[in-house]
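Asks: Below is one structure. I have some questions about it.
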Amino acid sequence: MSAHSDSFVASGNSPTDLIFENHGSLFLIRPVSPAGQSWLDENVGDENTLTFGGDVVCEPRYVEAIVLGAQSDGLAVSA
C-alpha cells in the first residue's frame, strides 16, 4: 500500500473505497476503506479466491463488472 493511503486507512476516512491496479495479466483490487473491504467480502469471490497481501487477485475480464457493481452500490473506485 502506498504511504499516502496508509493515513486514510488508519483513520477510516479514505476518499476511495477500492483501488484497481492493472498488472497486465491480472488486476489487484485493494480495499482502502471499511466499506470497500465489506463490499469485497460480500460480492467478490469466495474462500477459494486468490489474494495477495489483502488484495483480491482478479483476471482483467472481470474488472469492468466489479467496478460497475461497486459504483452501483455507491462505492468510490480508483484505477
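A note on labels: chains of the C-alpha cells are A, B, ... as shown, every chain counts residues from 1, and ligands are counted from 1 in their shown order.
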Could you list, as a PyMOL selection string, every residue within 6 Å of Asp17 of chain A, counting only C-alpha atoms and ignoring same-chain residues fewer than 6 positions away?

Replies: chain A and resi 31-33+36+75-77

Asks: Once you have the residues from the selection above, write them out as a compact mmCIF listing (two decimals), in the first residue's frame, restricted to N, CA and C atoms.

Replies:
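Printed below is result09.txt as written:
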```txt
# COMPACT_ATOMS: atom_id res chain seq x y z
N PRO A 31 -8.90 -3.03 -1.14
CA PRO A 31 -9.86 -2.27 -0.34
C PRO A 31 -9.11 -1.29 0.55
N VAL A 32 -9.49 -0.01 0.51
CA VAL A 32 -8.80 1.00 1.31
C VAL A 32 -9.75 1.72 2.27
N SER A 33 -10.92 1.13 2.45
CA SER A 33 -11.86 1.65 3.45
C SER A 33 -12.62 0.45 4.02
N GLY A 36 -15.18 -0.60 1.52
CA GLY A 36 -14.59 -1.35 0.41
C GLY A 36 -14.30 -2.79 0.80
N LEU A 75 -19.93 2.85 -3.98
CA LEU A 75 -18.53 2.92 -3.59
C LEU A 75 -17.74 3.80 -4.56
N ALA A 76 -16.70 4.41 -4.05
CA ALA A 76 -15.79 5.21 -4.88
C ALA A 76 -14.62 4.31 -5.27
N VAL A 77 -14.35 4.24 -6.57
CA VAL A 77 -13.26 3.40 -7.05
C VAL A 77 -12.22 4.25 -7.77
```

Asks: If we count only C-alpha atoms and set the cut-off at 12 Å, which residues sit around segment 68-73 of chain A, ignoring sequence neighbours fewer than 6 positions away in its own chain? Please answer as a ChimeraX atom specification.

Replies: /A:16-20,29,31,35-44,62

Asks: Create the file for the chosen residues now, containing N, CA and C atoms and written as a compact mmCIF listing (two decimals), in the first residue's frame.

Replies:
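Full text of out-v1.txt as output:
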```txt
# COMPACT_ATOMS: atom_id res chain seq x y z
N THR A 16 -11.53 7.02 -1.25
CA THR A 16 -11.73 5.94 -2.20
C THR A 16 -11.96 4.66 -1.41
N ASP A 17 -12.85 3.82 -1.94
CA ASP A 17 -13.14 2.56 -1.26
C ASP A 17 -12.34 1.39 -1.83
N LEU A 18 -12.17 1.38 -3.16
CA LEU A 18 -11.44 0.30 -3.82
C LEU A 18 -10.47 0.88 -4.84
N ILE A 19 -9.26 0.35 -4.85
CA ILE A 19 -8.27 0.73 -5.85
C ILE A 19 -8.02 -0.48 -6.73
N PHE A 20 -8.09 -0.28 -8.05
CA PHE A 20 -7.83 -1.33 -9.03
C PHE A 20 -6.46 -1.06 -9.65
N ILE A 29 -7.21 -5.85 -6.63
CA ILE A 29 -8.27 -4.99 -6.12
C ILE A 29 -7.99 -4.79 -4.64
N PRO A 31 -8.90 -3.03 -1.14
CA PRO A 31 -9.86 -2.27 -0.34
C PRO A 31 -9.11 -1.29 0.55
N ALA A 35 -15.77 0.17 4.14
CA ALA A 35 -16.87 -0.11 3.20
C ALA A 35 -16.37 -0.93 2.01
N GLY A 36 -15.18 -0.60 1.52
CA GLY A 36 -14.59 -1.35 0.41
C GLY A 36 -14.30 -2.79 0.80
N GLN A 37 -13.76 -2.99 1.98
CA GLN A 37 -13.47 -4.35 2.45
C GLN A 37 -14.75 -5.16 2.60
N SER A 38 -15.75 -4.55 3.19
CA SER A 38 -17.03 -5.22 3.39
C SER A 38 -17.67 -5.59 2.06
N TRP A 39 -17.63 -4.66 1.10
CA TRP A 39 -18.23 -4.92 -0.21
C TRP A 39 -17.51 -6.06 -0.91
N LEU A 40 -16.18 -6.05 -0.88
CA LEU A 40 -15.42 -7.14 -1.50
C LEU A 40 -15.76 -8.48 -0.85
N ASP A 41 -15.82 -8.50 0.47
CA ASP A 41 -16.13 -9.74 1.19
C ASP A 41 -17.49 -10.29 0.79
N GLU A 42 -18.45 -9.41 0.59
CA GLU A 42 -19.82 -9.83 0.29
C GLU A 42 -20.07 -10.12 -1.18
N ASN A 43 -19.30 -9.50 -2.09
CA ASN A 43 -19.65 -9.55 -3.51
C ASN A 43 -18.63 -10.16 -4.45
N VAL A 44 -17.41 -10.36 -4.00
CA VAL A 44 -16.37 -10.83 -4.92
C VAL A 44 -15.72 -12.09 -4.34
N TYR A 62 -12.92 -9.69 -15.68
CA TYR A 62 -13.94 -9.49 -14.65
C TYR A 62 -13.96 -8.08 -14.06
```

Asks: Determine which residues of segment 19-48 of chain A DSSP labels as strand (DSSP E) from the backbone of this structure, then write them out as a list in words.

Replies: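 Here is the list: Ile19, Phe20, Glu21, Asn22, Phe27, Leu28, Ile29, Arg30 and Pro31 of chain A.
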
Asks: Please indicate the distance in Å from atom CA of Glu21 of chain A to atom CA of Ser78 of chain A, rounded to one decimal place.

Replies: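 Computing the Euclidean distance for atom CA of Glu21 of chain A and atom CA of Ser78 of chain A yields 8.6 Å.
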
Asks: Can you list every residue in segment 9-74 of chain A that DSSP puts in alpha helix (DSSP H), as a PyMOL selection string?

Replies: chain A and resi 9-11+34-43+60-72

Asks: Got time to write the residues from that selection, C-alpha atoms, as a PDB file, in the first residue's frame?

Replies:
```
ATOM      1  CA  VAL A   9      -6.858   3.534   6.061  1.00  0.00           C
ATOM      2  CA  ALA A  10      -5.747   4.211   9.618  1.00  0.00           C
ATOM      3  CA  SER A  11      -8.281   6.984  10.073  1.00  0.00           C
ATOM      4  CA  PRO A  34     -14.027  -0.468   5.724  1.00  0.00           C
ATOM      5  CA  ALA A  35     -16.871  -0.114   3.203  1.00  0.00           C
ATOM      6  CA  GLY A  36     -14.594  -1.352   0.412  1.00  0.00           C
ATOM      7  CA  GLN A  37     -13.469  -4.352   2.449  1.00  0.00           C
ATOM      8  CA  SER A  38     -17.028  -5.222   3.392  1.00  0.00           C
ATOM      9  CA  TRP A  39     -18.229  -4.917  -0.212  1.00  0.00           C
ATOM     10  CA  LEU A  40     -15.422  -7.145  -1.497  1.00  0.00           C
ATOM     11  CA  ASP A  41     -16.128  -9.736   1.189  1.00  0.00           C
ATOM     12  CA  GLU A  42     -19.819  -9.830   0.292  1.00  0.00           C
ATOM     13  CA  ASN A  43     -19.651  -9.549  -3.508  1.00  0.00           C
ATOM     14  CA  PRO A  60      -8.894  -8.484 -16.387  1.00  0.00           C
ATOM     15  CA  ARG A  61     -12.091  -9.844 -17.984  1.00  0.00           C
ATOM     16  CA  TYR A  62     -13.944  -9.495 -14.653  1.00  0.00           C
ATOM     17  CA  VAL A  63     -12.774  -5.999 -13.713  1.00  0.00           C
ATOM     18  CA  GLU A  64     -15.418  -3.994 -15.577  1.00  0.00           C
ATOM     19  CA  ALA A  65     -18.306  -5.874 -13.933  1.00  0.00           C
ATOM     20  CA  ILE A  66     -16.728  -5.482 -10.478  1.00  0.00           C
ATOM     21  CA  VAL A  67     -16.113  -1.746 -10.979  1.00  0.00           C
ATOM     22  CA  LEU A  68     -19.674  -1.187 -12.221  1.00  0.00           C
ATOM     23  CA  GLY A  69     -21.128  -3.230  -9.359  1.00  0.00           C
ATOM     24  CA  ALA A  70     -19.130  -1.335  -6.753  1.00  0.00           C
ATOM     25  CA  GLN A  71     -20.077   2.036  -8.245  1.00  0.00           C
ATOM     26  CA  SER A  72     -23.714   0.969  -8.475  1.00  0.00           C
TER      27      SER A  72
END
```

Asks: Residues within 6 Å of Phe27 of chain A, please, as a VMD selection string. Count only C-alpha atoms; anything in the same chain fewer than 4 positions from it doesn't count.

Replies: chain A and resid 21 to 23 57 to 58

Asks: Could you tell me how far atom CA of Leu28 of chain A sits from atom CA of Asn48 of chain A, in Å to one decimal place?

Replies: 15.7 Å
